[in-house]
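Data from query-v5.txt: compact mmCIF, C-alpha atoms
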```
# COMPACT_ATOMS: atom_id res chain seq x y z
CA MET A 592 -19.67 21.20 -15.00
CA VAL A 593 -21.95 24.27 -15.06
CA GLN A 594 -21.43 26.52 -12.07
CA ASN A 595 -25.11 27.03 -11.17
CA GLU A 596 -25.77 23.28 -11.01
CA ILE A 597 -23.68 23.11 -7.88
CA ASN A 598 -25.94 23.27 -4.88
CA GLY A 599 -26.22 21.84 -1.41
CA LYS A 600 -27.45 18.51 -2.67
CA GLN A 601 -24.39 17.92 -4.81
CA PHE A 602 -22.05 18.93 -2.00
CA TRP A 603 -23.70 16.32 0.19
CA LYS A 604 -23.47 13.71 -2.58
CA GLU A 605 -19.75 14.24 -3.13
CA PHE A 606 -19.19 13.98 0.61
CA VAL A 607 -21.24 10.84 1.25
CA LYS A 608 -20.18 8.81 -1.79
CA GLY A 609 -16.71 8.10 -0.41
CA ILE A 610 -18.04 6.69 2.84
CA VAL A 611 -20.18 3.81 1.58
CA ILE A 612 -20.90 3.69 -2.18
CA SER A 613 -17.30 4.01 -3.27
CA ASN A 614 -15.54 3.21 -0.03
CA PRO A 615 -11.85 3.21 -1.01
CA VAL A 616 -10.96 0.02 0.85
CA PHE A 617 -14.01 -2.23 0.67
CA VAL A 618 -15.39 -1.30 -2.75
CA LEU A 619 -12.48 -0.01 -4.79
CA ALA A 620 -9.84 -2.22 -3.05
CA LEU A 621 -7.35 0.67 -3.04
CA GLY A 622 -4.75 1.42 -0.41
CA LEU A 623 -4.65 -2.15 0.81
CA CYS A 624 -1.02 -2.05 1.96
CA PRO A 625 -1.51 0.32 4.91
CA THR A 626 -4.96 -1.12 5.60
CA LEU A 627 -3.53 -4.55 6.31
CA ALA A 628 -0.15 -3.58 7.72
CA ILE A 629 -1.02 -1.13 10.46
CA THR A 630 -4.43 -2.37 11.62
CA SER A 631 -2.94 -4.54 14.38
CA SER A 632 -3.98 -1.85 16.88
CA LEU A 633 -6.66 0.83 16.97
CA SER A 634 -4.18 3.62 17.81
CA ASN A 635 -2.10 2.86 14.73
CA ALA A 636 -5.23 2.80 12.58
CA LEU A 637 -6.33 6.21 13.89
CA GLY A 638 -2.84 7.66 13.42
CA MET A 639 -2.64 6.35 9.87
CA SER A 640 -6.13 7.66 9.02
CA ALA A 641 -5.25 11.11 10.35
CA GLY A 642 -2.13 11.08 8.19
CA VAL A 643 -3.98 9.98 5.06
CA ILE A 644 -6.75 12.55 5.58
CA PHE A 645 -4.16 15.32 6.03
CA VAL A 646 -2.24 14.39 2.88
CA LEU A 647 -5.39 13.77 0.83
CA LEU A 648 -6.95 17.07 1.88
CA CYS A 649 -3.83 19.17 1.27
CA SER A 650 -2.96 17.53 -2.04
CA ASN A 651 -6.56 17.79 -3.28
CA ILE A 652 -6.66 21.50 -2.38
CA ILE A 653 -3.35 22.29 -4.08
CA ILE A 654 -4.01 20.16 -7.16
CA SER A 655 -7.54 21.43 -7.73
CA SER A 656 -6.46 25.05 -7.34
CA MET A 657 -3.57 24.53 -9.75
CA ARG A 658 -5.46 22.30 -12.19
CA LYS A 659 -5.55 24.96 -14.94
CA ILE A 660 -1.80 25.63 -14.90
CA ILE A 661 -0.45 22.06 -14.61
CA PRO A 662 0.44 20.89 -18.14
CA ASP A 663 -1.39 17.71 -19.08
CA MET A 664 1.77 15.89 -20.20
CA VAL A 665 3.58 16.06 -16.88
CA ARG A 666 0.60 15.97 -14.54
CA ILE A 667 1.42 12.64 -12.86
CA PRO A 668 4.98 13.63 -11.83
CA VAL A 669 3.62 16.98 -10.59
CA PHE A 670 0.96 15.20 -8.52
CA ILE A 671 3.54 12.82 -7.08
CA VAL A 672 5.86 15.65 -6.05
CA ILE A 673 3.00 17.55 -4.40
CA ILE A 674 1.92 14.42 -2.52
CA ALA A 675 5.50 13.55 -1.52
CA THR A 676 5.99 17.07 -0.13
CA PHE A 677 2.99 16.73 2.17
CA VAL A 678 4.05 13.24 3.25
CA THR A 679 7.48 14.62 4.16
CA ILE A 680 5.82 17.38 6.22
CA LEU A 681 3.59 14.81 7.89
CA SER A 682 6.44 12.46 8.75
CA LEU A 683 8.51 15.32 10.23
CA VAL A 684 5.53 16.43 12.34
CA PHE A 685 4.89 12.87 13.59
CA GLN A 686 8.58 12.40 14.32
CA ALA A 687 8.69 15.60 16.37
CA TYR A 688 5.41 15.44 18.28
CA LEU A 689 4.26 11.80 18.25
CA PRO A 690 7.45 9.69 18.35
CA PRO A 691 5.78 6.45 19.60
CA LEU A 692 3.25 6.56 16.76
CA TYR A 693 6.00 7.42 14.28
CA GLU A 694 7.97 4.35 15.43
CA SER A 695 5.04 1.97 15.22
CA LEU A 696 3.92 3.16 11.77
CA GLY A 697 7.49 2.77 10.48
CA ILE A 698 7.92 2.78 6.72
CA TYR A 699 4.16 2.74 6.17
CA LEU A 700 3.99 6.44 7.02
CA ALA A 701 6.38 7.24 4.16
CA LEU A 702 4.52 4.83 1.91
CA ILE A 703 1.45 7.13 1.98
CA VAL A 704 3.17 8.60 -1.11
CA VAL A 705 2.33 5.54 -3.18
CA ASN A 706 -1.08 5.00 -1.61
CA CYS A 707 -3.26 4.58 -4.69
CA ILE A 708 -6.18 6.35 -2.99
CA ILE A 709 -4.40 9.71 -2.95
CA LEU A 710 -2.98 9.62 -6.48
CA GLY A 711 -6.31 8.17 -7.66
CA ARG A 712 -8.33 11.07 -6.21
CA ALA A 713 -5.84 13.58 -7.63
CA GLU A 714 -6.17 12.09 -11.10
CA VAL A 715 -9.88 11.28 -11.13
CA PHE A 716 -11.34 14.11 -9.07
CA ALA A 717 -9.14 17.01 -7.98
CA SER A 718 -7.66 17.63 -11.42
CA LYS A 719 -11.14 18.12 -12.87
CA ASN A 720 -13.22 19.78 -10.12
CA SER A 721 -13.36 22.98 -8.10
CA VAL A 722 -11.52 23.43 -4.80
CA LEU A 723 -14.64 23.21 -2.63
CA LEU A 724 -15.83 19.96 -4.23
CA SER A 725 -12.32 18.51 -3.94
CA ILE A 726 -12.24 19.30 -0.23
CA LEU A 727 -15.56 17.48 0.26
CA ASP A 728 -14.35 14.57 -1.85
CA ALA A 729 -11.16 14.31 0.22
CA LEU A 730 -13.12 14.39 3.49
CA GLY A 731 -15.61 11.77 2.28
CA ILE A 732 -12.95 9.39 0.99
CA GLY A 733 -10.85 10.04 4.10
CA ILE A 734 -13.73 9.17 6.41
CA GLY A 735 -14.48 6.05 4.37
CA PHE A 736 -10.84 4.99 4.72
CA THR A 737 -10.90 5.70 8.47
CA LEU A 738 -14.09 3.68 8.87
CA ALA A 739 -12.55 0.66 7.14
CA LEU A 740 -9.35 0.89 9.18
CA VAL A 741 -11.25 1.27 12.46
CA ILE A 742 -13.51 -1.73 11.75
CA ILE A 743 -10.59 -4.01 10.87
CA SER A 744 -8.29 -2.85 13.68
CA PHE A 745 -11.14 -3.09 16.22
CA ILE A 746 -11.72 -6.76 15.37
CA ARG A 747 -8.01 -7.58 15.21
CA GLU A 748 -7.09 -5.85 18.47
CA ILE A 749 -9.97 -7.35 20.46
CA LEU A 750 -9.42 -10.90 19.21
CA GLY A 751 -5.64 -10.64 19.18
CA THR A 752 -5.04 -9.09 22.59
CA GLY A 753 -8.37 -9.48 24.41
CA SER A 754 -8.46 -5.78 25.23
CA LEU A 755 -8.88 -2.44 23.53
CA SER A 756 -6.69 0.59 24.12
CA ILE A 757 -6.32 4.02 22.55
CA PHE A 758 -2.92 5.74 22.76
CA GLY A 759 -1.87 3.80 25.85
CA LYS A 760 -5.17 4.05 27.74
CA VAL A 761 -6.88 0.68 28.20
CA LEU A 762 -10.59 1.05 27.43
CA PHE A 763 -11.73 -2.41 28.46
CA LYS A 764 -10.52 -5.96 28.92
CA LEU A 765 -12.40 -9.12 28.09
CA PRO A 766 -12.24 -11.64 30.97
CA VAL A 767 -11.10 -14.89 29.33
CA LEU A 768 -9.67 -13.63 26.06
CA SER A 769 -7.13 -11.26 27.64
CA GLU A 770 -5.51 -14.13 29.54
CA SER A 771 -5.08 -16.31 26.47
CA PRO A 772 -5.48 -14.05 23.43
CA MET A 773 -5.62 -15.35 19.86
CA ALA A 774 -2.29 -13.86 18.77
CA PHE A 775 -2.99 -15.11 15.24
CA PHE A 776 -5.09 -12.00 14.61
CA ILE A 777 -2.23 -9.62 15.37
CA LEU A 778 0.06 -11.48 12.96
CA PRO A 779 0.00 -10.93 9.16
CA PRO A 780 -2.29 -13.92 8.29
CA GLY A 781 -4.92 -12.53 10.67
CA ALA A 782 -5.03 -9.31 8.68
CA PHE A 783 -5.85 -11.14 5.45
CA LEU A 784 -8.45 -13.32 7.16
CA VAL A 785 -10.25 -10.42 8.88
CA ILE A 786 -10.45 -8.21 5.77
CA GLY A 787 -11.65 -11.16 3.68
CA LEU A 788 -14.39 -12.06 6.14
CA VAL A 789 -15.47 -8.43 6.71
CA LEU A 790 -15.71 -7.90 2.95
CA ALA A 791 -17.74 -11.10 2.52
CA LEU A 792 -20.04 -10.08 5.40
CA PHE A 793 -20.71 -6.66 3.86
CA ARG A 794 -21.52 -8.30 0.53
CA TRP A 795 -23.79 -10.83 2.18
CA LEU A 796 -25.62 -8.05 4.04
CA GLY A 797 -25.97 -6.16 0.77
CA VAL A 798 -24.08 -3.05 1.94
CA ILE A 799 -21.75 -3.59 -1.01
CA LYS A 800 -22.78 -5.06 -4.35
CA ASN A 801 -21.42 -8.47 -5.39
CA GLU A 802 -18.97 -8.62 -8.26
CA MET B 307 29.07 -13.79 2.39
CA ASN B 308 27.07 -15.54 5.05
CA ASN B 309 25.49 -12.23 5.99
CA LEU B 310 24.46 -11.57 2.37
CA LEU B 311 22.92 -15.03 2.08
CA SER B 312 20.90 -14.48 5.24
CA ILE B 313 19.67 -11.08 3.98
CA PHE B 314 18.59 -12.75 0.74
CA ILE B 315 16.66 -15.55 2.46
CA VAL B 316 15.08 -13.26 5.04
CA MET B 317 13.83 -10.88 2.34
CA ALA B 318 12.67 -13.66 0.00
CA ILE B 319 10.86 -15.96 2.40
CA ILE B 320 10.64 -14.79 6.00
CA ASN B 321 9.97 -11.08 5.57
CA ASN B 322 8.26 -11.67 2.24
CA MET B 323 7.13 -8.42 0.61
CA ILE B 324 3.56 -9.55 0.08
CA ILE B 325 2.54 -11.82 2.91
CA SER B 326 4.46 -10.33 5.78
CA LYS B 327 5.07 -6.69 4.79
CA PHE B 328 1.86 -6.24 2.75
CA LEU B 329 3.68 -4.38 -0.02
CA GLY B 330 2.67 -4.72 -3.64
CA LEU B 331 -0.79 -6.05 -2.92
CA CYS B 332 -2.40 -4.37 -5.94
CA PRO B 333 -0.67 -6.61 -8.52
CA PHE B 334 -1.03 -9.56 -6.14
CA PHE B 335 -4.81 -9.32 -6.13
CA GLY B 336 -5.33 -7.50 -9.41
CA VAL B 337 -3.03 -8.97 -12.02
CA SER B 338 -2.36 -12.48 -10.87
CA LYS B 339 -4.99 -14.63 -12.53
CA LYS B 340 -2.74 -16.23 -15.16
CA ILE B 341 0.62 -17.80 -14.37
CA SER B 342 2.34 -16.32 -17.45
CA ASN B 343 1.23 -12.79 -16.50
CA ALA B 344 2.38 -13.35 -12.95
CA VAL B 345 5.86 -14.34 -14.11
CA SER B 346 6.14 -11.28 -16.38
CA MET B 347 4.99 -8.96 -13.62
CA GLY B 348 7.37 -10.56 -11.13
CA VAL B 349 10.33 -10.22 -13.49
CA ALA B 350 9.48 -6.58 -14.24
CA VAL B 351 9.19 -5.71 -10.54
CA THR B 352 12.42 -7.55 -9.68
CA LEU B 353 14.28 -5.69 -12.42
CA VAL B 354 12.99 -2.28 -11.31
CA MET B 355 13.61 -3.10 -7.63
CA PHE B 356 17.18 -4.09 -8.42
CA ILE B 357 17.99 -0.90 -10.38
CA ALA B 358 16.05 1.33 -7.98
CA SER B 359 17.81 -0.08 -4.92
CA LEU B 360 21.19 0.44 -6.54
CA ALA B 361 20.35 4.06 -7.43
CA THR B 362 18.66 4.95 -4.15
CA SER B 363 21.34 3.41 -1.96
CA VAL B 364 24.06 5.26 -3.89
CA ILE B 365 22.10 8.49 -3.42
CA TYR B 366 21.46 7.74 0.24
CA ASN B 367 25.04 6.86 1.12
CA PHE B 368 26.82 9.51 -0.97
CA ILE B 369 24.42 12.46 -1.01
CA LEU B 370 21.76 12.32 1.70
CA VAL B 371 23.94 11.11 4.59
CA PRO B 372 26.98 13.40 3.99
CA PHE B 373 24.71 16.47 3.76
CA SER B 374 22.46 15.13 6.56
CA ILE B 375 19.26 15.63 4.58
CA GLU B 376 17.87 12.11 5.13
CA PHE B 377 14.38 13.54 5.62
CA MET B 378 14.28 14.39 1.91
CA ASN B 379 14.42 10.69 1.01
CA ILE B 380 10.69 10.33 0.26
CA VAL B 381 10.61 13.05 -2.42
CA ILE B 382 13.95 12.03 -3.94
CA TYR B 383 13.24 8.30 -3.98
CA ILE B 384 9.86 8.63 -5.66
CA LEU B 385 11.34 10.89 -8.37
CA VAL B 386 14.26 8.53 -8.94
CA ILE B 387 11.93 5.51 -9.16
CA ALA B 388 9.49 7.25 -11.52
CA SER B 389 12.25 8.32 -13.89
CA LEU B 390 13.98 4.92 -13.70
CA VAL B 391 10.78 3.19 -14.71
CA GLN B 392 10.54 5.48 -17.74
CA ILE B 393 14.16 4.78 -18.71
CA VAL B 394 13.80 1.00 -18.25
CA GLU B 395 10.66 1.10 -20.37
CA LEU B 396 12.47 2.98 -23.16
CA ILE B 397 15.49 0.67 -23.10
CA ILE B 398 13.38 -2.49 -23.20
CA LYS B 399 11.30 -1.03 -26.03
CA ARG B 400 14.42 -0.31 -28.12
CA THR B 401 16.34 -3.50 -27.41
CA ASN B 402 13.85 -6.30 -26.98
CA ILE B 403 10.40 -5.74 -28.45
CA ASN B 404 9.11 -9.19 -27.43
CA LEU B 405 9.93 -8.60 -23.79
CA TYR B 406 8.38 -5.13 -24.08
CA ASN B 407 5.15 -6.58 -25.40
CA ALA B 408 5.09 -9.15 -22.61
CA LEU B 409 5.76 -6.61 -19.84
CA GLY B 410 4.16 -3.65 -21.61
CA ILE B 411 1.18 -2.68 -19.50
CA TYR B 412 2.79 -3.57 -16.19
CA LEU B 413 5.80 -1.28 -16.41
CA PRO B 414 4.02 2.08 -15.90
CA LEU B 415 2.09 0.58 -12.98
CA ILE B 416 5.32 -0.21 -11.16
CA THR B 417 5.96 3.47 -10.35
CA THR B 418 3.13 3.39 -7.85
CA ASN B 419 3.93 -0.13 -6.68
CA CYS B 420 4.65 0.27 -3.01
CA ALA B 421 7.07 -2.67 -3.05
CA VAL B 422 9.67 -0.69 -5.02
CA LEU B 423 9.59 2.37 -2.77
CA GLY B 424 9.21 0.02 0.20
CA ILE B 425 12.44 -1.84 -0.49
CA ALA B 426 14.33 1.46 -0.93
CA LEU B 427 13.00 2.71 2.42
CA ILE B 428 13.73 -0.61 4.16
CA ASN B 429 17.33 -0.51 2.88
CA ALA B 430 17.75 3.02 4.22
CA LYS B 431 16.13 2.14 7.54
CA GLU B 432 18.26 -0.97 8.08
CA GLY B 433 21.37 1.02 7.12
CA TYR B 434 22.43 -1.49 4.45
CA SER B 435 25.53 -0.85 2.36
CA ILE B 436 25.21 -0.73 -1.44
CA ILE B 437 25.99 -4.46 -1.90
CA GLU B 438 23.59 -5.42 0.90
CA SER B 439 20.87 -3.22 -0.64
CA ILE B 440 21.23 -4.96 -3.99
CA VAL B 441 21.06 -8.40 -2.40
CA SER B 442 18.02 -7.47 -0.32
CA ALA B 443 16.29 -6.09 -3.44
CA LEU B 444 17.00 -9.31 -5.35
CA GLY B 445 15.69 -11.37 -2.43
CA ALA B 446 12.57 -9.26 -2.20
CA GLY B 447 12.04 -9.54 -5.95
CA VAL B 448 12.39 -13.33 -5.91
CA GLY B 449 10.00 -13.58 -2.96
CA PHE B 450 7.52 -11.30 -4.71
CA THR B 451 7.63 -13.34 -7.93
CA LEU B 452 7.25 -16.58 -5.96
CA MET B 453 4.12 -15.33 -4.20
CA LEU B 454 2.63 -13.95 -7.41
CA VAL B 455 3.13 -17.29 -9.18
CA ILE B 456 1.73 -19.38 -6.30
CA MET B 457 -1.30 -17.09 -5.98
CA SER B 458 -2.01 -17.06 -9.72
CA GLY B 459 -1.93 -20.87 -9.79
CA ILE B 460 -4.46 -20.99 -6.96
CA ARG B 461 -6.65 -18.30 -8.50
CA GLU B 462 -6.88 -20.13 -11.82
CA LYS B 463 -8.53 -22.95 -9.87
CA LEU B 464 -10.61 -20.56 -7.74
CA GLU B 465 -12.19 -19.03 -10.85
CA VAL B 466 -14.05 -22.25 -11.61
CA SER B 467 -14.67 -23.41 -8.05
CA ASP B 468 -18.11 -23.19 -6.51
CA CYS B 469 -17.91 -20.88 -3.50
CA PRO B 470 -20.66 -18.81 -1.85
CA LYS B 471 -21.78 -15.83 -3.91
CA SER B 472 -20.67 -13.17 -1.45
CA MET B 473 -17.24 -14.78 -1.08
CA ARG B 474 -16.48 -14.80 -4.80
CA GLY B 475 -13.60 -12.70 -6.11
CA LEU B 476 -11.72 -10.58 -3.62
CA PRO B 477 -12.90 -12.06 -0.26
CA ILE B 478 -11.88 -15.62 -1.11
CA ALA B 479 -8.57 -14.31 -2.49
CA PHE B 480 -7.90 -12.61 0.86
CA ILE B 481 -8.67 -15.82 2.74
CA THR B 482 -6.40 -17.80 0.41
CA ALA B 483 -3.67 -15.25 1.10
CA ALA B 484 -4.26 -15.70 4.84
CA LEU B 485 -3.69 -19.46 4.55
CA LEU B 486 -0.57 -18.88 2.40
CA ALA B 487 0.79 -16.41 4.94
CA LEU B 488 0.11 -18.87 7.76
CA ALA B 489 2.00 -21.59 5.90
CA PHE B 490 4.96 -19.30 5.22
CA MET B 491 5.12 -18.25 8.87
CA GLY B 492 6.60 -21.68 9.49
CA PHE B 493 9.82 -20.45 7.90
CA SER B 494 10.30 -17.74 10.52
CA GLY B 495 11.94 -20.26 12.85
CA MET B 496 14.63 -20.88 10.25
CA MET B 497 16.76 -17.82 11.02
```

Here is the file; what I need is its structure written in the form of C-alpha cells.
Amino acid sequence: MVQNEINGKQFWKEFVKGIVISNPVFVLALGLCPTLAITSSLSNALGMSAGVIFVLLCSNIIISSMRKIIPDMVRIPVFIVIIATFVTILSLVFQAYLPPLYESLGIYLALIVVNCIILGRAEVFASKNSVLLSILDALGIGIGFTLALVIISFIREILGTGSLSIFGKVLFKLPVLSESPMAFFILPPGAFLVIGLVLALFRWLGVIKNE
Amino acid sequence: MNNLLSIFIVMAIINNMIISKFLGLCPFFGVSKKISNAVSMGVAVTLVMFIASLATSVIYNFILVPFSIEFMNIVIYILVIASLVQIVELIIKRTNINLYNALGIYLPLITTNCAVLGIALINAKEGYSIIESIVSALGAGVGFTLMLVIMSGIREKLEVSDCPKSMRGLPIAFITAALLALAFMGFSGMM
C-alpha cells in the first residue's frame, strides 16, 4: 500500500466496513460461541463486547507495530501468545473490579483467546497494515460485534424475562410478559432460534446479501 | 465409578459441547455437510480433547496449583494445545497415512476450536482430578461427534429442500440446531 494513498476517505472505509458490510457475526459467521452463549442478558453482552474490543484493539496495535519483526514461520503462535496475554490481563481486571460480570461470563471470558474474530483480524489485517489503520479496523469490527450481540441479547432478554435491565438497574417491564415470560428464549435453543431468525430477516431486508 | 459414569453422560448429552455450551460451532456449521467428514472431524476433535485434557490437568494439578499461578492457565493451555496438535499431526502422518489423509485439513483447525480449550477450562473450573478430566473429555468428544453426525445427516437433506431464499444456508441451519437443542433438553431431567 502506497503511503500517500491513505487519506480520510480510506480511514472512514476501514472503520465502517466492519459494522455492516463485513459484520463479523452476521456476514462472516465468526465468533459464534460467545455470541450465542452470553447473549441471555444485555449486561453480559455489553461486558463481553467491551472485553472483545479491548483485546482486539490491543492485539491489533501490538501485532501491526511488530509486523516487520515477527518471522513469517512462527507468526500464528506469536499472535496467539499476544492475544492470550491480553485476555489474561482482561480476566484479572474483570475478576478484581467487576466480580458479578466475571462470574456470569464464566469460561467464555477466557475463551476470547480462541475467538476467530481476533485471530482472523490479526492474520488478515493487522499483520499487513499500519498501526493507525489497524486501530480503525479493530474499532469497526468491535462495534459490528457489539451491535450483533446487543440486537440478539435485546430480543432474548425481553422475550425471555419480560423486562430489560442493565447492570442491575431495571429499565422497563412489559405488563403481561414479565408475569409469564417465555423462558425458552433464555435457554440455549432460544439462542439458536433468535440468531437464525435475525439473520434471515436481515437477508430478507437486503441488509446482507444472500448466499 | 458411578461418579465417572455420571460425568461422562452429563458431558456427552446433558451439557453437550455444541447445543448447550455453544463450543465448537465453527465445525458444526462449517464442516458438517457430509456424514463421512463429520465422523472424521469428530474423531480428530475427540482425540485432541483427550490428549489435551490429560496434559492440561497434569499441568494444572502439579504445576499451577502448587505454585498458585492458576491465572496463567489461559496462556499455558493455549500453548500446550497448539503444540499438541502439531505433535498429533506429525505422529499420524508418520504412522497412518490413510487416517492422515482423512483428517488432514481438520487437524490444524482444531487449535482454534474453542471446544478443546473449553474442556480444559471446564475441567479446571470444576476441580476435576486427572481421571475425571479424561472421562469428561471423552464424554465431551462423544457428544460432539454425535451432534456433528446428526447435523450433517440433516444438512444433506436441507441442501436439496425448498426453503425460502433468505433462509437458505446458515439461518435454516441455526433453526435446525434450535430444534435439536430443544429435543436434547429433554435429557436434562435424567440426572

ask   = Neighbours of Leu762 (chain A) within 12 Å (only C-alpha atoms; same-chain residues fewer than 3 positions away dropped), as number ranges by chain?
value = A: 633-634, 745, 748-749, 753-759, 765

Mind dumping a table of every chain A residue within 8 Å of chain B, with the nearest atom pair and its distance in Å to one decimal, using only C-alpha atoms, sorted by chain and rising number, as CSV?
```
residue,atom,partner,partner_atom,distance
A:Leu621,CA,B:Cys332,CA,7.6
A:Leu623,CA,B:Leu331,CA,6.6
A:Cys624,CA,B:Phe328,CA,5.1
A:Pro625,CA,B:Phe328,CA,7.7
A:Leu627,CA,B:Phe328,CA,6.7
A:Ala628,CA,B:Phe328,CA,6.0
A:Pro668,CA,B:Leu385,CA,7.7
A:Ile671,CA,B:Ile384,CA,7.7
A:Val672,CA,B:Val381,CA,6.5
A:Ala675,CA,B:Val381,CA,5.2
A:Thr676,CA,B:Val381,CA,6.5
A:Val678,CA,B:Ile380,CA,7.8
A:Thr679,CA,B:Ile380,CA,6.6
A:Leu683,CA,B:Phe377,CA,7.7
A:Ile698,CA,B:Leu427,CA,6.7
A:Ala701,CA,B:Ile380,CA,6.6
A:Leu702,CA,B:Cys420,CA,6.7
A:Val704,CA,B:Ile380,CA,7.8
A:Val705,CA,B:Thr418,CA,5.2
A:Asn706,CA,B:Cys420,CA,7.6
A:Cys707,CA,B:Thr418,CA,7.2
A:Pro779,CA,B:Ser326,CA,5.6
A:Pro780,CA,B:Ala484,CA,4.4
A:Gly781,CA,B:Ala484,CA,6.7
A:Ala782,CA,B:Ala484,CA,7.5
A:Phe783,CA,B:Ala484,CA,4.9
A:Leu784,CA,B:Ile481,CA,5.1
A:Ile786,CA,B:Phe480,CA,7.1
A:Gly787,CA,B:Pro477,CA,4.2
A:Leu788,CA,B:Pro477,CA,6.6
A:Leu790,CA,B:Pro477,CA,6.0
A:Ala791,CA,B:Met473,CA,5.2
A:Leu792,CA,B:Ser472,CA,7.5
A:Arg794,CA,B:Ser472,CA,5.3
A:Trp795,CA,B:Ser472,CA,5.3
A:Asn801,CA,B:Ser472,CA,6.2
A:Glu802,CA,B:Gly475,CA,7.1
```

key: Exercise: Phe356 (chain B) partners within 10 Å, all atoms listed in the file, chain neighbours under 6 positions left out, as a list in words   = Ala350, Val422, Ile425, Ala426, Ser439, Ile440, Val441, Ser442, Ala443, Leu444, Gly445, Ala446 and Gly447 of chain B

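CA of Ile708 (chain A) is found 28.2 Å from CA of Leu360 (chain B).
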
ask   = How far is it from CA of Ser613 (chain A) to CA of Leu700 (chain A), in Å with one decimal?
value = 23.8 Å

ask   = Could you pull the residues within 12 Å of Lys659 (chain A), counting only C-alpha atoms, minus those fewer than 6 positions along the same chain, as a PyMOL selection string?
value = chain A and resi 653+666+717-722

task = Find, counting only C-alpha atoms, the residue in A:Val618, A:Leu768, A:Ile673, A:Val789 that gets nearest to Leu710 (chain A).
result =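 So, comparing all the options, the nearest one is A:Ile673.
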
key: Two-atom distance - CA of Ser769 (chain A), CA of Ser631 (chain A) (Å)   =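 These two atoms are separated by 15.4 Å.
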
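Residue nearest Phe450 (chain B), chosen from B:Phe373, B:Tyr366, B:Tyr434, B:Phe334 and counting all atoms listed in the file: B:Phe334.
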
message = Give me the residues near Thr630 (chain A) as a list of chain:residue names, where near means some atom within 7 Å (using all atoms listed in the file) and where sequence neighbours in that chain fewer than 4 positions away do not count.
response =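 After dropping sequence-adjacent residues, the list is A:Thr626, A:Asn635, A:Ala636, A:Leu740, A:Ile743, A:Ser744.
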
Spatial neighbours of Glu605 (chain A), 10 Å, all atoms listed in the file, chain gap at least 3 places, as an MDAnalysis selection string = chainID A and resid 600:602 608:610 724:732

key: Distance criterion (all atoms listed in the file): nearest to Arg747 (chain A) out of A:Val665, A:Ile629, A:Ser650, A:Ile703   =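 Result for the nearest residue to Arg747 (chain A): A:Ile629.
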
As a PDB file, in the coordinates of the input, the rebuilt region 783-795 of chain A with N, CA and C atoms:
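Wrote it out as out_14.pdb, contents follow:
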```
ATOM      1  N   PHE A 783      -5.199 -10.678   6.684  1.00  0.00           N
ATOM      2  CA  PHE A 783      -5.850 -11.140   5.450  1.00  0.00           C
ATOM      3  C   PHE A 783      -7.188 -11.777   5.758  1.00  0.00           C
ATOM      4  N   LEU A 784      -7.222 -12.601   6.819  1.00  0.00           N
ATOM      5  CA  LEU A 784      -8.450 -13.320   7.160  1.00  0.00           C
ATOM      6  C   LEU A 784      -9.559 -12.334   7.540  1.00  0.00           C
ATOM      7  N   VAL A 785      -9.223 -11.357   8.405  1.00  0.00           N
ATOM      8  CA  VAL A 785     -10.250 -10.420   8.880  1.00  0.00           C
ATOM      9  C   VAL A 785     -10.803  -9.595   7.725  1.00  0.00           C
ATOM     10  N   ILE A 786      -9.924  -9.053   6.853  1.00  0.00           N
ATOM     11  CA  ILE A 786     -10.450  -8.210   5.770  1.00  0.00           C
ATOM     12  C   ILE A 786     -11.279  -9.046   4.807  1.00  0.00           C
ATOM     13  N   GLY A 787     -10.866 -10.295   4.559  1.00  0.00           N
ATOM     14  CA  GLY A 787     -11.650 -11.160   3.680  1.00  0.00           C
ATOM     15  C   GLY A 787     -13.037 -11.424   4.242  1.00  0.00           C
ATOM     16  N   LEU A 788     -13.100 -11.741   5.537  1.00  0.00           N
ATOM     17  CA  LEU A 788     -14.390 -12.060   6.140  1.00  0.00           C
ATOM     18  C   LEU A 788     -15.282 -10.819   6.257  1.00  0.00           C
ATOM     19  N   VAL A 789     -14.681  -9.660   6.601  1.00  0.00           N
ATOM     20  CA  VAL A 789     -15.470  -8.430   6.710  1.00  0.00           C
ATOM     21  C   VAL A 789     -16.069  -8.073   5.346  1.00  0.00           C
ATOM     22  N   LEU A 790     -15.256  -8.204   4.309  1.00  0.00           N
ATOM     23  CA  LEU A 790     -15.710  -7.900   2.950  1.00  0.00           C
ATOM     24  C   LEU A 790     -16.864  -8.829   2.549  1.00  0.00           C
ATOM     25  N   ALA A 791     -16.697 -10.137   2.849  1.00  0.00           N
ATOM     26  CA  ALA A 791     -17.740 -11.100   2.520  1.00  0.00           C
ATOM     27  C   ALA A 791     -19.012 -10.798   3.297  1.00  0.00           C
ATOM     28  N   LEU A 792     -18.866 -10.408   4.566  1.00  0.00           N
ATOM     29  CA  LEU A 792     -20.040 -10.080   5.400  1.00  0.00           C
ATOM     30  C   LEU A 792     -20.794  -8.894   4.814  1.00  0.00           C
ATOM     31  N   PHE A 793     -20.065  -7.842   4.427  1.00  0.00           N
ATOM     32  CA  PHE A 793     -20.710  -6.660   3.860  1.00  0.00           C
ATOM     33  C   PHE A 793     -21.439  -7.001   2.562  1.00  0.00           C
ATOM     34  N   ARG A 794     -20.854  -7.905   1.779  1.00  0.00           N
ATOM     35  CA  ARG A 794     -21.520  -8.300   0.530  1.00  0.00           C
ATOM     36  C   ARG A 794     -22.761  -9.106   0.823  1.00  0.00           C
ATOM     37  N   TRP A 795     -22.655  -9.965   1.818  1.00  0.00           N
ATOM     38  CA  TRP A 795     -23.790 -10.830   2.180  1.00  0.00           C
ATOM     39  C   TRP A 795     -24.939  -9.977   2.699  1.00  0.00           C
TER      40      TRP A 795
END
```
